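Structure below is entry12.txt: compact mmCIF, C-alpha atoms.
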```
# COMPACT_ATOMS: atom_id res chain seq x y z
CA MET A 20 -16.95 -0.97 5.15
CA GLN A 21 -14.84 -3.96 4.22
CA TYR A 22 -15.70 -5.98 1.10
CA LYS A 23 -14.65 -9.49 0.14
CA LEU A 24 -15.07 -11.39 -3.13
CA SER A 25 -14.09 -15.01 -3.78
CA GLY A 26 -14.11 -17.10 -6.95
CA TYR A 27 -12.00 -18.63 -9.74
CA GLY A 28 -9.41 -19.65 -7.14
CA VAL A 29 -8.65 -16.10 -5.95
CA GLU A 30 -9.86 -13.78 -3.22
CA LEU A 31 -10.31 -10.01 -3.28
CA ARG A 32 -10.68 -8.02 -0.08
CA SER A 33 -10.71 -4.33 0.73
CA VAL A 34 -7.29 -2.73 1.13
CA ILE A 35 -6.23 -2.19 4.76
CA LYS A 36 -3.46 -0.05 6.21
CA SER A 37 -0.93 -2.89 6.45
CA ASP A 38 -1.22 -3.40 2.65
CA ILE A 39 -0.34 0.08 1.52
CA GLU A 40 3.48 -0.10 1.56
CA MET A 41 3.45 -3.30 -0.50
CA LEU A 42 1.00 -1.70 -2.94
CA ARG A 43 3.22 1.37 -3.17
CA GLN A 44 6.26 -0.77 -3.97
CA TRP A 45 4.33 -2.60 -6.70
CA ARG A 46 2.83 0.62 -8.10
CA ASN A 47 6.29 2.24 -8.34
CA LYS A 48 7.75 -0.58 -10.44
CA ASP A 49 8.72 0.80 -13.83
CA HIS A 50 6.69 -1.69 -15.88
CA ILE A 51 3.54 -0.85 -13.89
CA ARG A 52 4.02 2.87 -13.30
CA SER A 53 4.81 3.58 -16.97
CA MET A 54 1.40 2.29 -18.06
CA MET A 55 -0.65 4.30 -15.57
CA LYS A 56 -2.43 7.59 -16.23
CA SER A 57 -0.11 9.14 -13.67
CA THR A 58 3.47 7.96 -14.09
CA SER A 59 4.78 9.86 -11.07
CA TYR A 60 6.71 8.06 -8.34
CA ILE A 61 4.52 7.71 -5.24
CA THR A 62 6.04 8.63 -1.86
CA LYS A 63 5.08 7.09 1.47
CA GLU A 64 3.36 10.34 2.43
CA GLN A 65 1.31 10.39 -0.79
CA GLN A 66 0.33 6.76 -0.27
CA GLN A 67 -0.90 7.53 3.24
CA VAL A 68 -2.98 10.48 1.98
CA TRP A 69 -4.48 8.20 -0.67
CA PHE A 70 -5.37 5.55 1.90
CA ASP A 71 -6.93 8.11 4.25
CA SER A 72 -9.13 9.35 1.39
CA LEU A 73 -10.68 5.91 0.88
CA GLU A 74 -12.91 6.21 3.93
CA ASP A 75 -15.13 8.80 2.26
CA ALA A 76 -14.81 7.53 -1.32
CA THR A 77 -18.05 5.57 -1.68
CA HIS A 78 -17.83 5.61 -5.51
CA VAL A 79 -14.63 3.52 -5.55
CA ARG A 80 -13.37 0.23 -4.08
CA HIS A 81 -9.76 -0.87 -3.91
CA PHE A 82 -9.02 -4.56 -3.46
CA LEU A 83 -5.98 -6.64 -2.66
CA ILE A 84 -5.84 -9.78 -4.82
CA SER A 85 -4.71 -12.98 -3.09
CA TYR A 86 -4.03 -16.48 -4.41
CA LYS A 87 -3.53 -19.31 -1.91
CA GLU A 88 -3.30 -16.65 0.83
CA GLN A 89 -0.46 -14.85 -0.97
CA ALA A 90 -0.91 -11.25 -2.11
CA VAL A 91 -0.42 -11.03 -5.88
CA GLY A 92 -1.97 -7.77 -7.12
CA SER A 93 -4.46 -4.94 -6.91
CA ALA A 94 -7.91 -4.32 -8.41
CA THR A 95 -10.00 -1.15 -8.46
CA LEU A 96 -13.64 -0.45 -9.30
CA THR A 97 -14.62 3.20 -9.86
CA GLY A 98 -18.14 4.40 -10.58
CA THR A 99 -18.16 6.86 -13.49
CA SER A 100 -21.91 7.26 -14.12
CA PHE A 101 -24.75 6.90 -11.61
CA VAL A 102 -28.52 6.44 -11.50
CA SER A 103 -30.10 9.89 -11.58
CA GLY A 104 -31.36 11.10 -8.21
CA PHE A 105 -29.28 8.65 -6.18
CA THR A 106 -25.99 9.10 -4.33
CA ASP A 107 -22.69 8.41 -6.01
CA ASP A 108 -22.25 5.07 -4.25
CA LEU A 109 -20.91 2.16 -6.24
CA GLU A 110 -24.23 0.34 -5.69
CA ASN A 111 -25.93 3.12 -7.71
CA ALA A 112 -23.48 3.06 -10.61
CA ARG A 113 -24.67 2.66 -14.18
CA GLU A 114 -21.09 2.40 -15.41
CA ILE A 115 -17.92 1.28 -13.64
CA GLU A 116 -14.30 1.68 -14.72
CA THR A 117 -12.11 -1.29 -13.90
CA GLY A 118 -8.41 -1.29 -13.12
CA LEU A 119 -6.07 -4.14 -12.27
CA TYR A 120 -2.42 -5.02 -12.12
CA ILE A 121 -0.47 -8.06 -10.99
CA GLY A 122 2.40 -6.99 -8.75
CA HIS A 123 3.82 -10.43 -7.93
CA GLU A 124 6.30 -11.35 -10.66
CA SER A 125 5.44 -15.07 -10.58
CA TYR A 126 1.89 -14.46 -11.81
CA ARG A 127 2.23 -11.61 -14.31
CA ASN A 128 1.98 -13.77 -17.45
CA ASN A 129 -0.02 -16.59 -15.89
CA ILE A 130 -3.59 -17.45 -16.89
CA LEU A 131 -4.40 -16.89 -13.21
CA ALA A 132 -4.23 -13.15 -13.98
CA PHE A 133 -7.67 -13.51 -15.63
CA ALA A 134 -9.26 -14.75 -12.40
CA PRO A 135 -9.59 -11.38 -10.60
CA SER A 136 -10.97 -9.79 -13.76
CA LEU A 137 -13.62 -12.49 -14.09
CA LEU A 138 -14.48 -12.11 -10.41
CA THR A 139 -14.88 -8.31 -10.59
CA CYS A 140 -16.83 -8.48 -13.86
CA ASP A 141 -19.23 -11.04 -12.37
CA TYR A 142 -19.64 -8.82 -9.30
CA CYS A 143 -20.34 -5.69 -11.36
CA PHE A 144 -22.78 -7.30 -13.80
CA ASP A 145 -24.56 -9.76 -11.52
CA GLU A 146 -24.59 -8.07 -8.11
CA LEU A 147 -24.20 -4.34 -8.84
CA GLN A 148 -26.28 -4.66 -12.05
CA VAL A 149 -24.26 -2.09 -14.02
CA GLU A 150 -25.13 -1.36 -17.64
CA GLN A 151 -21.54 -1.56 -18.82
CA LEU A 152 -17.91 -1.58 -17.73
CA VAL A 153 -15.29 0.78 -19.13
CA ALA A 154 -11.51 0.67 -19.29
CA THR A 155 -8.79 3.07 -20.43
CA VAL A 156 -5.55 1.54 -21.68
CA ASN A 157 -2.19 3.00 -22.68
CA SER A 158 -1.94 2.35 -26.43
CA SER A 159 1.61 1.01 -26.04
CA ASN A 160 0.50 -1.59 -23.50
CA LYS A 161 0.03 -4.43 -25.98
CA GLN A 162 -0.41 -7.04 -23.26
CA ALA A 163 -3.29 -5.13 -21.65
CA LEU A 164 -4.91 -4.50 -25.04
CA SER A 165 -4.88 -8.23 -25.82
CA TYR A 166 -6.08 -9.01 -22.28
CA ASN A 167 -9.08 -6.67 -22.60
CA GLU A 168 -9.97 -8.09 -26.01
CA LYS A 169 -10.07 -11.60 -24.52
CA LEU A 170 -12.53 -10.33 -21.89
CA GLY A 171 -14.84 -8.96 -24.60
CA TYR A 172 -14.07 -5.23 -24.38
CA LYS A 173 -14.75 -3.17 -27.53
CA GLU A 174 -12.78 -0.06 -28.51
CA VAL A 175 -14.90 3.11 -28.61
CA SER A 176 -12.43 6.02 -28.85
CA ARG A 177 -8.85 7.27 -28.62
CA PHE A 178 -7.42 10.41 -27.04
CA PHE A 179 -4.09 11.99 -26.09
CA THR A 180 -2.69 13.43 -22.88
CA GLU A 181 0.53 15.24 -22.04
CA VAL A 182 2.73 13.09 -19.80
CA ALA A 183 5.52 14.64 -17.74
CA GLU A 184 8.74 12.66 -17.45
CA GLN A 185 11.97 13.28 -15.54
CA THR A 186 15.13 12.84 -17.59
CA SER A 187 18.50 11.63 -16.34
CA SER A 188 19.60 15.25 -15.98
CA SER A 189 16.63 15.90 -13.64
CA ASP A 190 14.92 18.05 -16.26
CA ILE A 191 11.21 17.60 -16.82
CA LYS A 192 10.00 16.95 -20.34
CA THR A 193 6.56 16.18 -21.67
CA ARG A 194 5.39 13.80 -24.36
CA ARG A 195 2.05 12.97 -25.92
CA GLN A 196 0.53 9.67 -24.85
CA GLU A 197 -2.28 7.95 -26.72
CA TRP A 198 -5.01 6.20 -24.71
CA ILE A 199 -7.73 3.83 -25.88
CA SER A 200 -11.18 3.77 -24.29
CA PHE A 201 -13.11 0.49 -24.17
CA THR A 202 -16.57 -0.60 -23.08
CA LEU A 203 -17.80 -4.04 -22.06
CA GLN A 204 -21.38 -5.31 -22.24
CA ARG A 205 -22.48 -8.33 -20.23
CA LYS A 206 -23.41 -10.44 -23.27
CA ASP A 207 -20.01 -9.82 -24.89
CA TYR A 208 -18.24 -10.64 -21.63
CA ILE A 209 -20.09 -13.94 -21.18
CA GLU A 210 -19.41 -15.01 -24.76
CA ALA A 211 -15.75 -13.97 -24.81
CA THR A 212 -14.78 -15.64 -21.54
CA LYS A 213 -16.30 -19.09 -21.98
CA GLN A 214 -12.95 -20.75 -22.65
CA VAL A 215 -10.94 -19.05 -19.90
CA ARG A 216 -13.72 -19.75 -17.40
CA ASN A 217 -13.52 -23.44 -18.24
CA LEU A 218 -9.72 -23.44 -17.95
CA LEU A 219 -9.78 -21.74 -14.55
CA SER A 220 -12.52 -24.08 -13.34
CA ARG A 221 -10.37 -27.09 -14.26
CA ARG A 222 -7.35 -25.61 -12.45
CA LYS A 223 -9.45 -25.03 -9.35
CA SER A 224 -10.78 -28.61 -9.34
CA ARG A 225 -7.35 -30.22 -9.39
```

Represent the supplied structure as structure tokens.
Amino acid sequence: MQYKLSGYGVELRSVIKSDIEMLRQWRNKDHIRSMMKSTSYITKEQQQVWFDSLEDATHVRHFLISYKEQAVGSATLTGTSFVSGFTDDLENAREIETGLYIGHESYRNNILAFAPSLLTCDYCFDELQVEQLVATVNSSNKQALSYNEKLGYKEVSRFFTEVAEQTSSSDIKTRRQEWISFTLQRKDYIEATKQVRNLLSRRKSR
């Protein structure tokens, strides 16, 4: 099933096959890949396997973000906790993990980057009626940490993982990476985003 969300001047629609090479190119950029849970380079074959798996993945939705009909980034919603006794469809989620990156260089540090987050948060809280949203952020990603704070996310815990990296000599080494877990309640989201909502509304009305 294809999904489409519109608001705050942007549009989100379900990823289709013709999107996946562009998404792969964005995802493999060093500044994006280095902040992901998996920092591995993604091949064309791996990207195709990922896309094929989406058909049966009812607990997750992957969106292409567009602004003025130009693709600018990617957003993901993943159900992590579900209403007891119901299927693991996103509509039955109690808790959803959000993920987002801006792949188009022109919009990375633009206030417009908040628009898809506002749109997905509205969708999760108002339409899907989730209890809370969650996010996991690389502790060295200061921009994402500040971004989540502005949306109203609250830190709940920290943990470490072992990350494999390939050195210039083609050797594989591992390092410890700290991650920060956040949760977002609807009331905190509404309060924290009043100003940015107003700013985006003014931009849209011009």

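Residue nearest Thr58 of chain A, chosen from A:Arg194, A:Arg216, A:His123, A:His78 and counting all atoms listed in the file: A:Arg194.
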
Have a look at atom CA of Ser158 of chain A and atom CA of Trp198 of chain A and let me know their distance in Å, one decimal.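 Going from atom CA of Ser158 of chain A over to atom CA of Trp198 of chain A, I get 5.2 Å.
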
Please measure the separation of atom CA of Asn160 of chain A and atom CA of Ile199 of chain A, giving the value in Å to one decimal. 10.1 Å

Using only C-alpha atoms, which of the listed residues (A:Phe70, A:Phe179, A:Tyr166, A:Trp45) sits closest to Gly122 of chain A? A:Trp45

Please report the interatomic distance between atom CA of Tyr126 of chain A and atom CA of Asn217 of chain A in Å with one decimal.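 Computing the Euclidean distance for atom CA of Tyr126 of chain A and atom CA of Asn217 of chain A yields 19.0 Å.
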
Nearest to Arg127 of chain A, chosen from A:Ala211, A:Ile51, A:Leu96, A:Leu83, with only C-alpha atoms counted in the distances: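 Between A:Ala211, A:Ile51, A:Leu96, A:Leu83, the residue approaching Arg127 of chain A most closely is A:Ile51.
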